[in-house]
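Participant: Could you have a look at this structure, given as C-alpha cells, before my questions?
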Amino acid sequence: MTTTFKIDSDDSAKKAANVVRKAQSKDIRKRWLLSLPALAIIFFAAAGPLLIVVIYSFLEPGDYTGVIWIFTTENWFNVVMERDIFDDNLVWADAHLSIFWRSIKLSLVTTVMTAIFGIPTAYFIATRSPKSRNIWLFLITIPFWTNLLVRTFAIQELIRNKGVINKFLQWVGLTNEPIEMLFTDFAVGFGMTYVYLPLMVLPVYASIEKLDFRLVEGAYDLYASRWQCFKKIIVPLVRPGLIAGSILVFIPCLGAYVTPRILGGGHQLMFGNLIALQFGQGKNWPLGAALSLTLMILVMIALIYFVKVTSSDEKKNV
Amino acid sequence: MFKNILFNRPFEIKRIPGFQSLALFTFACLYGPILILIVYSFNSSSSLGVFESFSFRWYVAAWENEKVQEAALRSIYLATIAATIATTAATMAALATTRTKKFRGITFIYVVINQPLMIPEIVTAVALLVFFAMIKIATGYQGMMYLIIAHTAFCIPFAYLPIRARLESMDLTLEMAGADLYATPWKTFTRITLPMIWPGIIAGFMLAFVISLDDVVISEFVKSAGQETLPTYMLGQLRRFITPETNAIATANIVVSVILVTGFFLLTQRKK
Amino acid sequence: MTNNDEAIEITNVLKVYKGDTDVYALNDVSLMIKKNEFFTLLGPSGCGKTTLLRLIAGFEHPTSGTILLNKEDISLLPPNKRPVNTVFQSYALFPHMTVGGNIAFGLEMLGWSKSEVTTAVDEMLELVKMQDLKNRRPAEISGGQQQRVALARALAPKPQVLLLDEPLSALDLKLRKQMQIELKRLQSETGITFVFVTHDQEEALTMSDRIAVMNEGKILQYGNPKEIYHHPENKFVANFIGDSNFLSANIENENAILSDGTILKFKKHHDNKVSGKKTILIRPEHVHMEKGKDTKSSFSGKIVNIVYFGTDTHFHLELGSGETFTVRKQNTPTEKNEFEIGWTVNLMVEQNAIQILND
C-alpha cells in the first residue's frame with residue numbers, strides 16, 4: 001500500500017534545521033529592534049543617569065551646586081557618620097540615623113495599617129456579585145488615579161488645628177484645645193496610609209478573586225470555624241497578593257517625598273526629604289548622590305527579600 | 001450559628017465577621033477627605049473651618065490666574081506628548097516581549113522597561129537633575145525636552161502593562177488563521193493584531209496620560225526656572241497650608257481623574 | 001495508482017521537539033493523499049495527527065523528510081505561500097470583522113478585486129446556506145453557524161487542499177451528524193481534497209474515502225474504511241475501530257488452533273505466509289450463537305453476563321480456553337430471552353470473519 005521513497009533524510013533535515021534557525025534568529029533580532037525605542041528612552045532618562053549618580057557620590061561638593069572632580073569617599077562616610085568639628089573624630093550622624101529609622105519605622109507601620117484596612121476591603125470587593133464588583137473596583141481606583149498632592153492636601157485639611165476633625169471634636173465638646181496632629185510622625189504615617197491604601201487593595205483583591213471558594217466549603221465541611229477558615233485556608237492561599245501589596249506600599253513609603261513634606265512640614269524628615277535637602281539648601285550634591293544610592297540599596301534588599309519569600313512560597317507550592 | 005436559625009439566614013460561606021463593616025468604613029475614610037476638599041473649594045470664605053456660603057470665587061480666581069493657565073497648559077501639553085511617545089514605544093516593546101519563548105535577554109528588556117516602577121521616584125528625580133545639569137552646562141539648552149523625556153520614560157511601564165495584558169490574552173490561532181489565509185506578517189499585524197489590542201493601547205495611553213499629569217517629584221527636580229506644571233505650581237503655592245485657590249485646582253483635578261478612570265474602565269471591561 | 005492522482009505526498013517525515021527528553025511527535029511518517037478525496041487522519045489524543053496537519057498547513061517545519069503538494073516541495077514554505085487552507089478546531093473567526101468580512105479576508109490578502117471578492121463571498125454564503133448572516137459578528141451567531149463561516153472562509157480562496165482540525169468536536173450530537181453529511185456534500189461539490197482530523201472512529205468510517213490510523217507518531221495502517229474495519233493489521237487498529245475479540249492462536253496453514261484445541265478455519269486475506277503464535281481478531285457481530293453443545297463445532301463458551309443496548313444485546317462469554325469473548329446480537333421485537341446467563345452455547349463463525357493480526 002505504501003511506497004517509501006528513499007530520500008537522503010540527512011539532507012532534508014539539515015535544510016529544515018537551517019531554515020528554522022534562520023527564522024528564529026530573524027525573529028529575535030526583530031524583537032530586539034522593537035524594544036529599542038523603549039530601552040533607549042529609559043536608559044537615557046532613568047537607568048543611565050543613575051550611573052552618573054554613582055560617580056558623583058565619589059566626588060567633592062562644589063560651592064553652590066554641582067561637584068568638584070576630586071575623588072573622595074567622604075560622602076559615603078557622611079551617610080552614617082560625621083566628623084566632629086572639634087576633635088575630628090567619627091561619630092554616628094544622629095540626624096541621619098534618626099531619619100533612616102523614622103523612614104523604616106513609618107514604612108513598616110504604613111504597610112501594616114494598609115494591610116489591616118486593605119485586606120477586608122479587598123475581600124469585600126472580591127465577594128460582591130460580578131456586576132457590583134466592577135463598581136467597587138471603580139470606586140477604589142479613583143483615589144488611586146487622583147493626584148498624590150491632592151490627596152495629601154485633603155489629609156492636611158482634615159487633621160490641621162483648624163481642620164475638620166479638630167473643629168468637630170471641639171463642636172461636640174470632647175476637647176477645648178485643638179489636638180496637634182499635623183506636622184507629627186503620626187500625620188506622616190496617617191497620610192501615607194491614606195495615600196497608599198489602594199496599592200495594597202488591588203493586588204490582594206486580585207489574589208482573592210482567584211480563590212476557589214469550594215476549598216472554603218471543604219473546610220467548613222470539616223468543622224472549621226469562620227476564623228480558622230480564614231487563618232488556615234484563605235490567608236495562605238492569598239499570600240502572593242499580600243506580598244505584592246506589601247511591596248507596592250513599603251517601597252514607595254521608603255522613598256516618600258511629597259507626603260512627609262506637606263504633612264511633616266519640614267520637621268519630620270524622611271529619607272526622600274533628606275536627599276532633596278542636599279540638592280537644595282544642603283548644597284551637597286555628592287552626599288545627596290550617596291544617600292540616593294543608599295536608599296536604592298535598601299529598596300533592592302527589600303525587593304530581594306520579598307522575591308525570595310514569593311519564590312519559596314512557590315517551591316512549597318502554597 | 002443560632003443567629004442563623006433565628007433569623008432564617010442561610011450560611012454564607014464567603015462572609016467573614018467584621019470585614020464588611022471595616023471595608024465600608026475604609027471606603028468612607030477614603031472618600032471623606034476628598035469630599036471635604038471638594039466641599040471647601042466652593043466655600044466663599046477663605047477660612048477652613050467655617051463654611052460661609054457657596055461660591056465659585058476660587059475657581060474664577062484660579063481660572064484667571066495667568067500662572068495657573070500657563071501651568072495647566074504646560075501639564076496637558078507635556079502629558080499628551082509623553083503619553084503618545086510612551087504608548088508607541090510601549091506597544092512595540094509589548095509586541096517584542098510577549099507570546100514568545102524566553103530568548104536571551106528578554107528578562108533584561110523586561111527589567112529595564114519596568115525599572116521606573118522599581119526605583120523610588122526621588123532617586124530617579126535626583127539622577128535626572130544631576131544628569132541634565134551636566135547637559136545644560138554643555139549645551140545651554142533649557143527647554144521642555146528634559147521634562148518631556150523624563151515623563152516619557154516613567155510613563156512607558158504604565159502604558160506597557162495594559163497592552164501586554166491584552167496581548168497575552170489574545171487568541172494565538174487568530175494570527176495563524178491570518179497567515180493561513182495568505183496574509184503577510186505586516187498585514188496580519190495591521191488587520192488582525194492591531195485592531196484586537198487597540199483597547200489595550202488606548203487604556204495604556206490614558207494611564208500614561210494621568211501618570212504624567214499627576215507627577216510631582218520628578219517634575220519638581222527636572223524643571224528649569226519658570227517651567228511650572230500644575231502639580232509643581234500647587235506645591236509651590238504651599239506655605240504652611242494650602243490656599244483656597246489651590247483647593248479649587250485640586251478639585252478640578254479630581255474631576256478629570258474621575259472622567260479618565262471611567263473611560264479606562266469602560267475600555268477594559270469591554271474585553272470580553 | 002497513476003502519478004497524476006496524488007495531491008499530497010508525505011515522505012519520511014520526522015517531527016522532533018527537543019527538550020529534557022526528545023519528543024517524537026511524528027516518527028518516520030509516509031503517506032499519499034489522492035486528489036479529490038476525503039482523507040481522514042484518525043487516532044487518539046497525542047498521536048500526531050494534528051501535528052501532521054500543521055506541517056501540511058505550514059505552521060511548523062518537519063525536522064526531516066519532505067512534503068510535496070502536486071509534485072512541489074512545500075515543506076519549508078511559510079503558510080501564507082501555500083495554496084492550503086485550514087478550518088481550525090476553535091474556528092478562529094476574527095471577532096472584529098463581520099461574517100462577510102471574515103470570508104473575504106483571504107481573498108483580500110490575495111489581491112482580488114472588490115467585485116471579485118463580493119461575488120465570491122456571496123457564492124460561499126450560498127454554499128453554506130448562511131446568506132442572511134453576512135453582516136453579523138461572530139459573537140452574535142451560534143456555534144454551528146460559526147463553524148460554517150469558518151468553512152466558507154477557508155473554501156473561498158479555492159485552495160488545492162482543505163485541512164480540517166477536529167472541526168465538529170464542539171458541536172452537539174445531532175448537529176454533528178448533520179454537519180458530517182454537509183461536509184461530505186461540500187467535498188464532492190467543490191472537488192477539493194479534504195484532509196480531516198478526528199479521534200472519533202465512527203465519524204471517520206462514515207465520512208472518509210480513506211483513513212490513516214495513527215498512534216504515537218506513526219501511521220499504523222491506511223486504506224478505505226471497509227478494509228480498515230474488516231482487515232485491521234494490528235491490535236491497536238483493531239481495537240481503536242469497532243469492538244474486538246482477541247484470541248491467542250497457533251497458525252498452521254489455513255487453521256487457527258486456539259489454546260483449548262478448537263480449530264478454526266480461516267480464509268487468507270493476502271498471500272503472505274503466516275504461521276506460529278499469533279493473535280486473531282473476531283468482531284462481536286460476526287459470530288452466531290446456538291443453544292446446546294454440538295459436536296459439529298467445538299468452539300463454545302459459557303454466558304457470564306448479558307447487557308441490553310436497545311438496538312442489540314451483548315453477551316459476555318467465557319471460552320474453554322479461559323479467554324473472554326463478546327457476541328453482539330441484533331434484538332428482535334419478541335420479548336422472550338433466547339439465552340440465559342449460565343448457558344453454554346455454540347459459536348459459529350465464518351471463515352472470512354477471522355483476521356490475523358501482526359502483533
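Chain lettering (A, B, ...) mirrors the order of the C-alpha cells, residue numbering begins at 1 for each chain separately, and ligand numbering begins at 1 in order of display.
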Show me, as a ChimeraX atom specification, the residues of chain B whose atoms get within 7 Å of chain A, using only C-alpha atoms for the distance check.

Facilitator: /B:13-14,16,19-20,22-23,26,30,33-34,37,48-49,89-90,92-93,96,112-113,116,119-120,122-124,127-128,131,149-150,153,214,242,250,254,257-258,261

Participant: Restricted to N, CA and C atoms, what would the selected residues look like written as a tab-separated table (two decimals), in the first residue's frame?

Facilitator:
```tsv
chain	number	residue	atom	x	y	z
B	13	ILE	N	-20.96	31.20	52.92
B	13	ILE	CA	-19.60	30.73	53.13
B	13	ILE	C	-18.57	31.83	52.94
B	14	LYS	N	-18.98	32.89	52.26
B	14	LYS	CA	-17.96	33.89	51.98
B	14	LYS	C	-17.91	34.98	53.04
B	16	ILE	N	-17.03	36.87	56.31
B	16	ILE	CA	-16.13	36.87	57.45
B	16	ILE	C	-16.57	38.01	58.36
B	19	PHE	N	-15.63	42.06	58.41
B	19	PHE	CA	-14.94	42.53	57.22
B	19	PHE	C	-15.77	43.53	56.44
B	20	GLN	N	-17.06	43.25	56.36
B	20	GLN	CA	-17.88	44.16	55.56
B	20	GLN	C	-17.90	45.54	56.19
B	22	LEU	N	-15.73	46.90	58.21
B	22	LEU	CA	-14.42	47.52	58.09
B	22	LEU	C	-14.21	48.04	56.68
B	23	ALA	N	-14.65	47.25	55.71
B	23	ALA	CA	-14.48	47.66	54.31
B	23	ALA	C	-15.25	48.94	54.02
B	26	THR	N	-13.64	51.81	55.56
B	26	THR	CA	-12.46	52.23	54.80
B	26	THR	C	-12.85	53.07	53.60
B	30	LEU	N	-11.79	56.79	52.86
B	30	LEU	CA	-11.06	57.09	51.63
B	30	LEU	C	-11.65	58.31	50.94
B	33	PRO	N	-11.99	62.66	53.15
B	33	PRO	CA	-11.13	63.85	52.96
B	33	PRO	C	-11.30	64.48	51.58
B	34	ILE	N	-11.46	63.62	50.56
B	34	ILE	CA	-11.61	64.17	49.21
B	34	ILE	C	-12.89	65.00	49.13
B	37	LEU	N	-12.51	68.27	50.79
B	37	LEU	CA	-11.74	69.15	49.92
B	37	LEU	C	-12.63	69.79	48.87
B	48	LEU	N	-10.92	77.89	56.76
B	48	LEU	CA	-11.17	76.48	56.52
B	48	LEU	C	-12.39	75.97	57.28
B	49	GLY	N	-12.43	76.26	58.54
B	49	GLY	CA	-13.42	75.58	59.36
B	49	GLY	C	-14.84	76.00	59.08
B	89	ALA	N	6.17	53.48	22.10
B	89	ALA	CA	7.33	52.66	22.49
B	89	ALA	C	6.88	51.44	23.27
B	90	ALA	N	5.88	51.62	24.13
B	90	ALA	CA	5.41	50.51	24.96
B	90	ALA	C	4.73	49.45	24.10
B	92	MET	N	5.38	48.73	20.97
B	92	MET	CA	6.44	47.98	20.29
B	92	MET	C	7.12	47.02	21.25
B	93	ALA	N	7.39	47.50	22.46
B	93	ALA	CA	8.07	46.65	23.43
B	93	ALA	C	7.18	45.49	23.85
B	96	ALA	N	7.26	42.89	21.35
B	96	ALA	CA	8.53	42.19	21.35
B	96	ALA	C	8.65	41.19	22.48
B	112	VAL	N	14.40	46.37	32.42
B	112	VAL	CA	14.66	47.77	32.10
B	112	VAL	C	13.35	48.53	31.90
B	113	ILE	N	12.41	47.90	31.19
B	113	ILE	CA	11.15	48.59	30.93
B	113	ILE	C	10.41	48.89	32.23
B	116	PRO	N	11.48	52.01	36.02
B	116	PRO	CA	10.95	53.18	36.71
B	116	PRO	C	9.99	52.82	37.83
B	119	ILE	N	12.26	51.76	41.16
B	119	ILE	CA	13.17	52.68	41.84
B	119	ILE	C	12.35	53.85	42.39
B	120	PRO	N	12.60	54.23	43.64
B	120	PRO	CA	11.83	55.33	44.22
B	120	PRO	C	11.98	56.58	43.37
B	122	ILE	N	12.21	59.65	44.00
B	122	ILE	CA	13.16	60.67	44.42
B	122	ILE	C	14.55	60.35	43.87
B	123	VAL	N	14.86	59.06	43.81
B	123	VAL	CA	16.18	58.68	43.30
B	123	VAL	C	16.27	59.01	41.81
B	124	THR	N	15.23	58.66	41.06
B	124	THR	CA	15.23	58.99	39.63
B	124	THR	C	15.29	60.50	39.45
B	127	ALA	N	18.73	61.72	40.05
B	127	ALA	CA	19.63	61.30	38.98
B	127	ALA	C	19.44	62.17	37.74
B	128	LEU	N	18.20	62.46	37.42
B	128	LEU	CA	17.92	63.28	36.24
B	128	LEU	C	18.40	64.71	36.46
B	131	PHE	N	22.09	64.61	35.91
B	131	PHE	CA	22.44	64.33	34.52
B	131	PHE	C	22.10	65.50	33.62
B	149	ILE	N	11.29	64.10	28.01
B	149	ILE	CA	11.96	62.79	28.04
B	149	ILE	C	11.77	62.13	29.40
B	150	ALA	N	11.88	62.93	30.47
B	150	ALA	CA	11.73	62.34	31.80
B	150	ALA	C	10.34	61.73	31.97
B	153	ALA	N	9.82	58.57	29.91
B	153	ALA	CA	10.48	57.41	30.50
B	153	ALA	C	9.64	56.75	31.57
B	214	ASP	N	-0.14	63.84	36.82
B	214	ASP	CA	-0.09	63.89	38.27
B	214	ASP	C	1.33	63.96	38.84
B	242	ILE	N	-2.52	74.82	52.42
B	242	ILE	CA	-2.85	75.07	51.03
B	242	ILE	C	-3.78	76.27	50.94
B	250	ALA	N	-7.27	71.61	42.86
B	250	ALA	CA	-7.25	70.21	43.26
B	250	ALA	C	-8.58	69.55	42.92
B	254	ILE	N	-9.51	66.35	40.52
B	254	ILE	CA	-10.28	65.15	40.88
B	254	ILE	C	-11.30	64.83	39.79
B	257	SER	N	-9.69	63.22	36.93
B	257	SER	CA	-9.36	61.82	37.25
B	257	SER	C	-10.57	60.94	37.09
B	258	VAL	N	-11.71	61.39	37.64
B	258	VAL	CA	-12.91	60.56	37.57
B	258	VAL	C	-13.28	60.27	36.12
B	261	VAL	N	-10.78	57.74	34.70
B	261	VAL	CA	-10.96	56.39	35.23
B	261	VAL	C	-12.19	55.74	34.61
```

Participant: Report as a tab-separated table: every residue of chain C with an atom at most 6 Å from chain A, its closest pair of atoms, and their distance in Å to one decimal, counting only C-alpha atoms, with rows sorted by chain and ascending residue number.

Facilitator:
```
residue	atom	partner	partner_atom	distance
C:Thr63	CA	A:Ala13	CA	5.6
C:Ser64	CA	A:Ala13	CA	3.9
C:Gly65	CA	A:Ser12	CA	5.8
```

Participant: For the residues selected in the previous step, produce a file with N, CA and C atoms as a compact mmCIF listing (two decimals), in the first residue's frame.

Facilitator:
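File part_6.txt, as written:
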```
# COMPACT_ATOMS: atom_id res chain seq x y z
N THR C 63 11.18 18.17 10.99
CA THR C 63 12.60 18.10 11.37
C THR C 63 13.41 17.48 10.23
N SER C 64 12.82 16.50 9.58
CA SER C 64 13.40 15.99 8.34
C SER C 64 12.29 15.32 7.54
N GLY C 65 12.56 15.06 6.26
CA GLY C 65 11.53 14.48 5.42
C GLY C 65 10.94 15.56 4.52
```

Participant: Listing only residues of chain C within 8 Å of chain B, what is the closest atom pair and its distance in Å (to one decimal) for each, using only C-alpha atoms, sorted by chain and residue number ascending, as a tab-separated table?

Facilitator:
```
residue	atom	partner	partner_atom	distance
C:Ala57	CA	B:Asp180	CA	7.2
C:Phe59	CA	B:Met176	CA	7.4
C:Pro79	CA	B:Asp180	CA	5.4
C:Asn80	CA	B:Tyr182	CA	3.9
C:Lys81	CA	B:Tyr182	CA	6.4
C:Arg82	CA	B:Tyr182	CA	7.9
C:Val84	CA	B:Asp180	CA	7.4
C:Asn85	CA	B:Asp180	CA	5.8
C:Thr86	CA	B:Asp180	CA	6.6
C:Phe88	CA	B:Ala177	CA	7.8
C:Ala92	CA	B:Leu174	CA	5.2
C:Leu93	CA	B:Leu174	CA	7.0
C:Phe94	CA	B:Leu174	CA	6.6
C:His96	CA	B:Met196	CA	7.2
C:Phe105	CA	B:Leu181	CA	7.1
C:Gly106	CA	B:Leu181	CA	4.4
C:Leu107	CA	B:Leu181	CA	7.9
C:Met109	CA	B:Ala183	CA	5.3
C:Leu110	CA	B:Tyr182	CA	6.5
C:Ala154	CA	B:Leu181	CA	7.4
```

Participant: Keeping only N, CA and C atoms, write those residues as a short mmCIF file (atom, residue, chain, number, x, y, z; two decimals), in the first residue's frame.

Facilitator:
```
data_model
loop_
_atom_site.label_atom_id
_atom_site.label_comp_id
_atom_site.auth_asym_id
_atom_site.auth_seq_id
_atom_site.Cartn_x
_atom_site.Cartn_y
_atom_site.Cartn_z
N ALA C 57 -0.10 22.44 6.71
CA ALA C 57 -0.55 23.84 6.62
C ALA C 57 0.61 24.80 6.59
N PHE C 59 2.43 25.67 9.59
CA PHE C 59 2.67 26.36 10.86
C PHE C 59 3.91 25.82 11.54
N PRO C 79 3.22 29.51 5.69
CA PRO C 79 1.82 29.13 5.46
C PRO C 79 1.10 30.05 4.48
N ASN C 80 1.51 31.32 4.45
CA ASN C 80 0.76 32.20 3.57
C ASN C 80 1.19 32.07 2.11
N LYS C 81 2.13 31.14 1.86
CA LYS C 81 2.51 30.92 0.47
C LYS C 81 2.04 29.55 0.00
N ARG C 82 1.28 28.84 0.82
CA ARG C 82 0.81 27.52 0.40
C ARG C 82 -0.65 27.62 0.01
N VAL C 84 -3.09 26.09 0.61
CA VAL C 84 -3.72 25.15 1.53
C VAL C 84 -4.42 26.00 2.59
N ASN C 85 -5.66 25.68 2.92
CA ASN C 85 -6.37 26.44 3.95
C ASN C 85 -6.86 25.53 5.06
N THR C 86 -7.01 26.12 6.25
CA THR C 86 -7.32 25.33 7.43
C THR C 86 -8.63 25.77 8.08
N PHE C 88 -9.93 25.66 11.68
CA PHE C 88 -9.38 25.41 13.00
C PHE C 88 -10.42 24.81 13.93
N ALA C 92 -11.41 30.08 15.08
CA ALA C 92 -10.53 31.24 14.91
C ALA C 92 -11.14 32.31 14.01
N LEU C 93 -12.42 32.59 14.17
CA LEU C 93 -13.04 33.66 13.41
C LEU C 93 -12.57 35.00 13.98
N PHE C 94 -12.32 35.98 13.11
CA PHE C 94 -11.85 37.29 13.57
C PHE C 94 -13.03 38.03 14.21
N HIS C 96 -13.47 40.96 15.29
CA HIS C 96 -13.74 42.36 14.97
C HIS C 96 -14.19 42.55 13.53
N PHE C 105 -11.60 37.77 3.82
CA PHE C 105 -10.24 38.09 4.23
C PHE C 105 -9.16 37.49 3.32
N GLY C 106 -9.23 36.17 3.13
CA GLY C 106 -8.19 35.51 2.33
C GLY C 106 -8.12 36.08 0.92
N LEU C 107 -9.30 36.39 0.36
CA LEU C 107 -9.35 36.92 -0.99
C LEU C 107 -8.71 38.30 -1.05
N MET C 109 -6.38 39.35 0.90
CA MET C 109 -4.93 39.16 1.04
C MET C 109 -4.32 38.74 -0.29
N LEU C 110 -5.10 38.00 -1.11
CA LEU C 110 -4.57 37.54 -2.39
C LEU C 110 -4.65 38.62 -3.46
N ALA C 154 -12.46 29.31 4.65
CA ALA C 154 -11.34 28.51 4.17
C ALA C 154 -11.54 28.05 2.73
#
```

Participant: Would you mind writing down, as a ChimeraX atom specification, each residue of range 133-332 of chain C that DSSP on the backbone assigns to alpha helix (DSSP H)?

Facilitator: /C:143-155,173-190,201-207,225-230,235-240

Participant: Those same residues, written as a compact mmCIF listing (two decimals), in the first residue's frame with N, CA and C atoms?

Facilitator:
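Once everything was written out, this is result30.txt:
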```
# COMPACT_ATOMS: atom_id res chain seq x y z
N GLY C 143 -22.74 28.34 17.62
CA GLY C 143 -21.54 27.56 17.36
C GLY C 143 -21.57 26.87 16.01
N GLY C 144 -22.73 26.29 15.70
CA GLY C 144 -22.85 25.61 14.42
C GLY C 144 -22.69 26.58 13.26
N GLN C 145 -23.25 27.77 13.40
CA GLN C 145 -23.12 28.77 12.34
C GLN C 145 -21.68 29.26 12.23
N GLN C 146 -21.01 29.42 13.37
CA GLN C 146 -19.61 29.85 13.34
C GLN C 146 -18.78 28.83 12.56
N GLN C 147 -19.12 27.56 12.78
CA GLN C 147 -18.37 26.51 12.13
C GLN C 147 -18.51 26.61 10.61
N ARG C 148 -19.71 26.92 10.18
CA ARG C 148 -19.93 27.02 8.73
C ARG C 148 -19.24 28.24 8.14
N VAL C 149 -19.18 29.32 8.94
CA VAL C 149 -18.45 30.50 8.47
C VAL C 149 -16.98 30.15 8.32
N ALA C 150 -16.44 29.42 9.30
CA ALA C 150 -15.03 29.03 9.23
C ALA C 150 -14.77 28.22 7.97
N LEU C 151 -15.69 27.34 7.65
CA LEU C 151 -15.60 26.54 6.42
C LEU C 151 -15.62 27.43 5.18
N ALA C 152 -16.61 28.32 5.15
CA ALA C 152 -16.73 29.19 3.98
C ALA C 152 -15.47 30.01 3.80
N ARG C 153 -14.93 30.51 4.90
CA ARG C 153 -13.74 31.35 4.85
C ARG C 153 -12.57 30.57 4.26
N ALA C 154 -12.46 29.31 4.65
CA ALA C 154 -11.34 28.51 4.17
C ALA C 154 -11.54 28.05 2.73
N LEU C 155 -12.78 27.92 2.31
CA LEU C 155 -13.04 27.45 0.94
C LEU C 155 -13.00 28.58 -0.08
N LEU C 173 -24.44 16.33 19.43
CA LEU C 173 -24.51 15.13 18.60
C LEU C 173 -25.33 15.31 17.33
N LYS C 174 -26.52 15.87 17.46
CA LYS C 174 -27.41 15.97 16.30
C LYS C 174 -26.79 16.88 15.24
N LEU C 175 -26.29 18.04 15.71
CA LEU C 175 -25.68 18.99 14.80
C LEU C 175 -24.47 18.37 14.12
N ARG C 176 -23.73 17.57 14.91
CA ARG C 176 -22.54 16.96 14.37
C ARG C 176 -22.88 16.03 13.22
N LYS C 177 -23.93 15.23 13.42
CA LYS C 177 -24.32 14.29 12.35
C LYS C 177 -24.77 15.06 11.11
N GLN C 178 -25.47 16.17 11.31
CA GLN C 178 -25.88 16.98 10.16
C GLN C 178 -24.67 17.50 9.40
N MET C 179 -23.69 18.02 10.19
CA MET C 179 -22.51 18.61 9.57
C MET C 179 -21.69 17.56 8.84
N GLN C 180 -21.69 16.33 9.33
CA GLN C 180 -20.94 15.28 8.65
C GLN C 180 -21.46 15.11 7.23
N ILE C 181 -22.78 15.11 7.10
CA ILE C 181 -23.37 14.98 5.77
C ILE C 181 -23.03 16.21 4.93
N GLU C 182 -23.14 17.40 5.56
CA GLU C 182 -22.81 18.65 4.87
C GLU C 182 -21.40 18.63 4.31
N LEU C 183 -20.46 18.22 5.17
CA LEU C 183 -19.05 18.23 4.76
C LEU C 183 -18.83 17.31 3.57
N LYS C 184 -19.43 16.15 3.63
CA LYS C 184 -19.30 15.21 2.52
C LYS C 184 -19.82 15.84 1.23
N ARG C 185 -20.95 16.50 1.36
CA ARG C 185 -21.55 17.13 0.17
C ARG C 185 -20.63 18.21 -0.37
N LEU C 186 -20.10 19.04 0.54
CA LEU C 186 -19.22 20.12 0.12
C LEU C 186 -18.00 19.58 -0.60
N GLN C 187 -17.47 18.49 -0.07
CA GLN C 187 -16.26 17.95 -0.66
C GLN C 187 -16.52 17.47 -2.08
N SER C 188 -17.61 16.78 -2.26
CA SER C 188 -17.85 16.28 -3.62
C SER C 188 -18.26 17.40 -4.55
N GLU C 189 -18.95 18.42 -4.04
CA GLU C 189 -19.34 19.53 -4.90
C GLU C 189 -18.15 20.36 -5.32
N THR C 190 -17.25 20.63 -4.40
CA THR C 190 -16.13 21.50 -4.75
C THR C 190 -14.97 20.74 -5.38
N GLN C 201 -13.94 7.42 15.79
CA GLN C 201 -13.81 6.41 14.72
C GLN C 201 -15.07 6.28 13.90
N GLU C 202 -16.21 6.51 14.52
CA GLU C 202 -17.46 6.43 13.76
C GLU C 202 -17.48 7.49 12.69
N GLU C 203 -17.09 8.72 13.09
CA GLU C 203 -17.03 9.83 12.14
C GLU C 203 -16.14 9.46 10.96
N ALA C 204 -14.97 8.92 11.30
CA ALA C 204 -14.02 8.56 10.25
C ALA C 204 -14.62 7.54 9.30
N LEU C 205 -15.27 6.54 9.85
CA LEU C 205 -15.82 5.48 9.00
C LEU C 205 -16.91 6.00 8.08
N THR C 206 -17.75 6.88 8.58
CA THR C 206 -18.88 7.32 7.78
C THR C 206 -18.48 8.31 6.70
N MET C 207 -17.45 9.13 6.96
CA MET C 207 -17.20 10.23 6.03
C MET C 207 -16.08 9.97 5.03
N PRO C 225 -12.32 2.62 4.43
CA PRO C 225 -12.94 2.24 5.70
C PRO C 225 -13.22 0.74 5.81
N LYS C 226 -13.71 0.14 4.73
CA LYS C 226 -14.05 -1.28 4.80
C LYS C 226 -12.83 -2.11 5.14
N GLU C 227 -11.75 -1.79 4.46
CA GLU C 227 -10.52 -2.54 4.69
C GLU C 227 -10.04 -2.39 6.12
N ILE C 228 -10.06 -1.17 6.60
CA ILE C 228 -9.57 -0.91 7.95
C ILE C 228 -10.42 -1.65 8.96
N TYR C 229 -11.72 -1.68 8.71
CA TYR C 229 -12.60 -2.28 9.69
C TYR C 229 -12.51 -3.81 9.65
N HIS C 230 -12.57 -4.36 8.41
CA HIS C 230 -12.61 -5.82 8.32
C HIS C 230 -11.23 -6.46 8.36
N LYS C 235 -3.29 -5.00 16.61
CA LYS C 235 -4.21 -4.90 17.73
C LYS C 235 -4.74 -3.49 17.92
N PHE C 236 -3.82 -2.50 17.79
CA PHE C 236 -4.25 -1.13 18.07
C PHE C 236 -5.35 -0.69 17.11
N VAL C 237 -5.12 -0.93 15.82
CA VAL C 237 -6.11 -0.52 14.83
C VAL C 237 -7.41 -1.27 15.07
N ALA C 238 -7.30 -2.57 15.33
CA ALA C 238 -8.50 -3.37 15.56
C ALA C 238 -9.28 -2.84 16.74
N ASN C 239 -8.56 -2.47 17.79
CA ASN C 239 -9.21 -2.02 19.00
C ASN C 239 -9.77 -0.60 18.87
N PHE C 240 -9.06 0.23 18.11
CA PHE C 240 -9.47 1.62 18.02
C PHE C 240 -10.74 1.76 17.21
```

Participant: Which residue is closest to Gln237 in chain B? Choose from B:Ile201, B:Val68, B:Leu161, B:Ile148 and count only C-alpha atoms.

Facilitator: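 Between B:Ile201, B:Val68, B:Leu161, B:Ile148, the residue approaching Gln237 in chain B most closely is B:Val68.
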
Participant: Which polymer residues have any atom within 9 Å of an atom of Thr118 in chain C, counting only C-alpha atoms, with same-chain residues fewer than 5 positions away left out, as an MDAnalysis selection string?

Facilitator: chainID C and resid 100 104 113 123

Participant: Give the strand (DSSP E) residues of range 60-234 of chain A, as assigned by DSSP on the backbone, as a PyMOL selection string.

Facilitator: chain A and resi 60-61+67-71+81-83+90-92

Participant: Please compute the CA of Thr119 in chain C-CA of Ser142 in chain C distance, one decimal, in Å.

Facilitator: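 One can read the CA of Thr119 in chain C to CA of Ser142 in chain C distance as 24.8 Å.
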
Participant: What is the CA of Glu216 in chain C-CA of Asn27 in chain C distance in Å, reported with one decimal?

Facilitator: 8.0 Å

Participant: If we count only C-alpha atoms, what is near Phe71 in chain A at a cut-off of 9 Å, once residues fewer than 6 positions away on the same chain are taken out, given as an MDAnalysis selection string?

Facilitator: chainID A and resid 58:60

Participant: Do you know which residues are at most 6 Å from Gly48 in chain C counting only C-alpha atoms, after dropping those on the same chain fewer than 6 positions away, and could you put them as a PyMOL selection string?

Facilitator: chain C and resi 25-26+217

Participant: Take the residues from that selection and put them in a file with C-alpha atoms, as a PDB file, in the first residue's frame.

Facilitator:
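out.pdb, written as the output of this step:
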```pdb
ATOM      1  CA  ALA C  25       5.633  13.847  17.572  1.00  0.00           C
ATOM      2  CA  LEU C  26       5.964  12.246  14.143  1.00  0.00           C
ATOM      3  CA  GLY C 217       3.661   9.485  15.870  1.00  0.00           C
TER       4      GLY C 217
END
```

Participant: Between CA of Ile208 in chain A and CA of Val238 in chain A, what is the distance in Å, rounded to a tenth?

Facilitator: 5.9 Å
